[in-house]
Amino acid sequence: MVTPLDRSERIAAEAAAWLARLESTGRTAATEAGLQTWLVADDAHRRSFERAMDAWAIIPGAAALLDPGTAGVADPAPANDRWQPVRALAIAASLCFVIFASGWWFFDQPTAYSTAKGEQKIATLEDGTRVALNAETHLSVRYDRQTRSIHLDKGEAMFEVKYNAKRPFKVEVGDKTVTALGTSFLVRKMGDAVVVTLISGKVRVDTRNASTGSPPRLPTVLTPGERLIAVPDSPEMVTRTSSEAATAWRRGQVVFEDTSLSAAVAELNHYGGVQIDVADPRLGGLTVSGVFATNDAAEFASAIAVLHGLKVEREGDRLRLSR
C-alpha cells in the first residue's frame with residue numbers, strides 16, 4: 001500500500017522527470033501538452049513542479065549541464081543528438097539529490113492558504129489530507145519527514161486527516177496544540193478565543209504554558225460530538241454539539257442556539273454581502289436561535305425584527321436593527 005510519504009516522494013520524482021525532459025528536449029507541443037495534463041491532475045503536482053524549478057535554479061553547475069560551452073567545452077552536436085538522454089539523466093539525478101538527500105527541503109517549506117470575507121476554499125495537502133477554509137481564514141502548512149504541522153492564525157478550518165502514525169498531524173492555534181489521531185475536526189480562532197470541534201475519530205488538545213513557572217495542564221482528549229471552548233482568563237469548557245451544526249457553514253448555513261444577537265450579527269457579517277448593524281448596544285444581549293442562510297442577511301434581520309419587535313432600516317449597503 002502507498003503511504004502518504006511514498007506519495008510525496010513519487011510526486012517529487014515525477015516533477016524532477018518532467019523538468020529534466022523540458023530542459024533536455026525543449027518545450028515541444030507534445031511535451032507541453034503532457035506536462036499540462038499532469039499539472040492539472042492534482043494540485044500537489046503543480047506545487048511540486050514549482051519547487052523543482054526553484055531547486056534547479058540553485059543547483060551549482062546547472063548551466064554547465066545545459067550548455068557545456070559555458071564551461072569551456074565545445075558542443076557542436078545538434079540538440080537531438082545522442083547526448084540528450086545523458087543530459088536528462090544528469091538533470092533528474094541532480095534534482096532528486098536535492099529532493100531526497102538535502103534534508104527534505106522541498107517539503108519543509110511553509111505554504112500559506114487564506115480566504116477573504118465571504119470566501120471559502122478547499123485545499124488538498126501533499127499527503128491527501130483535505131482542508132476546508134471558512135471565510136476570513138489564514139493558515140500555514142509545514143510538512144517534514146517527522147511531522148505535519150498547521151498554524152492557524154485566524155478564522156476557521158475543517159481538517160479531514162489522512163492517518164499516518166509515523167507523522168503526527170498537529171494544528172497550532174493560540175496556546176493550543178491539537179493532535180489528530182486519524183480524524184475529522186474543526187478548529188476556530190476568533191480573537192483570542194479558540195474552539196475545537198471533533199466530528200469523527202479522536203484528537204488531543206494540549207496547552208502550551210505561557211511561563212515556565214506555571215504547572216503544566218493535562219491534555220484534553222475529545223470524542224466525536226464534543227467541542228472544547230477556550231477563552232483567556234476563563235476555565236476551558238467541553239460541551240456537546242452536533243456535526244450538522246458545526247459544519248453548517250460548508251452548506252451555506254449558520255446555526256444559532258441561544259446565541260447573543262451581537263455574536264450572531266458578527267458571525268453573519270464575516271460571510272460578506274449586506275452587513276448588519278445593531279443600533280443600540282443593549283440590543284446585543286438579545287438571544288437568537290435558528291438556522292439561517294449565510295448569504296441572506298436581509299432574511300435574518302427580518303426574522304430577528306419580528307421575534308424581538310425591532311425595526312429594520314436600510315442605509316446604503318447596510319441594514320440597521322433598532323427599537
# chains A, B, ... in the order shown; residues from 1 in each chain; ligands from 1
>>> residues_around(residues="range 129-131 of chain A", least_positions_apart="6", cutoff="12 Å", atoms="only C-alpha atoms", output="VMD selection string")
chain A and resid 4 43 to 44 113 to 114 120 to 123 137 to 141 143 148 to 150 152 156 to 164 169 171 180 182 to 187 250
>>> write_last_selection(atoms="C-alpha atoms", output="short mmCIF file (atom, residue, chain, number, x, y, z; two decimals), in the first residue's frame")
data_model
loop_
_atom_site.label_atom_id
_atom_site.label_comp_id
_atom_site.auth_asym_id
_atom_site.auth_seq_id
_atom_site.Cartn_x
_atom_site.Cartn_y
_atom_site.Cartn_z
CA PRO A 4 1.48 9.44 2.35
CA ASP A 43 -2.78 20.46 -7.13
CA ALA A 44 0.14 18.70 -5.43
CA TYR A 113 -3.70 29.44 2.50
CA SER A 114 -6.15 32.26 3.10
CA GLN A 120 -14.47 29.65 1.21
CA LYS A 121 -11.81 27.33 -0.15
CA ILE A 122 -10.84 23.64 -0.14
CA ALA A 123 -7.19 22.55 -0.36
CA THR A 137 -9.23 32.45 7.48
CA HIS A 138 -5.45 32.31 7.28
CA LEU A 139 -3.26 29.28 7.97
CA SER A 140 0.16 27.95 7.01
CA VAL A 141 1.27 24.36 6.36
CA TYR A 143 5.48 19.23 6.36
CA ARG A 148 2.78 17.55 9.60
CA SER A 149 2.19 20.97 11.14
CA ILE A 150 -0.53 23.56 10.60
CA LEU A 152 -3.98 28.68 12.23
CA GLU A 156 -11.96 28.51 10.93
CA ALA A 157 -10.91 25.38 9.10
CA MET A 158 -12.10 21.79 8.88
CA PHE A 159 -9.47 19.06 8.59
CA GLU A 160 -10.05 15.57 7.16
CA VAL A 161 -6.75 13.96 8.07
CA LYS A 162 -5.06 11.03 6.33
CA TYR A 163 -3.86 8.81 9.15
CA ASN A 164 -0.12 8.18 9.46
CA PHE A 169 -0.72 15.82 12.29
CA VAL A 171 -2.61 22.20 14.45
CA ALA A 180 -5.18 14.39 15.27
CA GLY A 182 -6.84 9.83 12.24
CA THR A 183 -9.84 12.06 12.31
CA SER A 184 -12.11 14.85 11.05
CA PHE A 185 -12.33 18.01 13.14
CA LEU A 186 -12.73 21.79 13.06
CA VAL A 187 -10.58 24.48 14.64
CA ARG A 250 -19.98 24.25 4.41
#
>>> atom_distance(atom1="CA of Val255 in chain A", atom2="CA of Glu172 in chain A")
26.1 Å
>>> select_by_dssp(residues="range 97-195 of chain A", states="strand (DSSP E)", output="VMD selection string")
chain A and resid 111 to 114 121 to 124 130 to 133 138 to 143 148 to 160 169 to 173 176 to 180 184 to 190 193 to 195
>>> closest_residue(among="A:Arg240, A:Arg318, A:Lys170, A:Arg10", to="Asn269 in chain A", atoms="only C-alpha atoms")
A:Arg318
>>> atom_distance(atom1="CA of Ala279 in chain A", atom2="CA of Lys117 in chain A")
22.6 Å
>>> atom_distance(atom1="CA of Ala245 in chain A", atom2="CA of Tyr271 in chain A")
16.4 Å
>>> select_by_dssp(residues="range 104-216 of chain A", states="helix (DSSP H, G or I)", output="ChimeraX atom specification")
/A:105-108
>>> residues_around(residues="Leu283 in chain A", least_positions_apart="4", cutoff="10 Å", atoms="only C-alpha atoms", output="list in words")
Ser260, Leu261, Ser262, Val278, Ala279, Thr287, His308, Leu310, Leu321, Ser322 and Arg323 of chain A
>>> residues_around(residues="range 197-205 of chain A", least_positions_apart="2", cutoff="6 Å", atoms="only C-alpha atoms", output="MDAnalysis selection string")
chainID A and resid 177:181 183:186 219:227 243
>>> residues_around(residues="Ala230 in chain A", least_positions_apart="4", cutoff="9 Å", atoms="only C-alpha atoms", output="list in words")
Asp192, Ala193, Val194, Val195, Val196, Ser234, Pro235, Glu236, Met237 and Val238 of chain A
>>> closest_residue(among="A:Gln36, A:Ser242, A:Gln146, A:Ser48", to="Thr111 in chain A", atoms="only C-alpha atoms")
A:Ser48
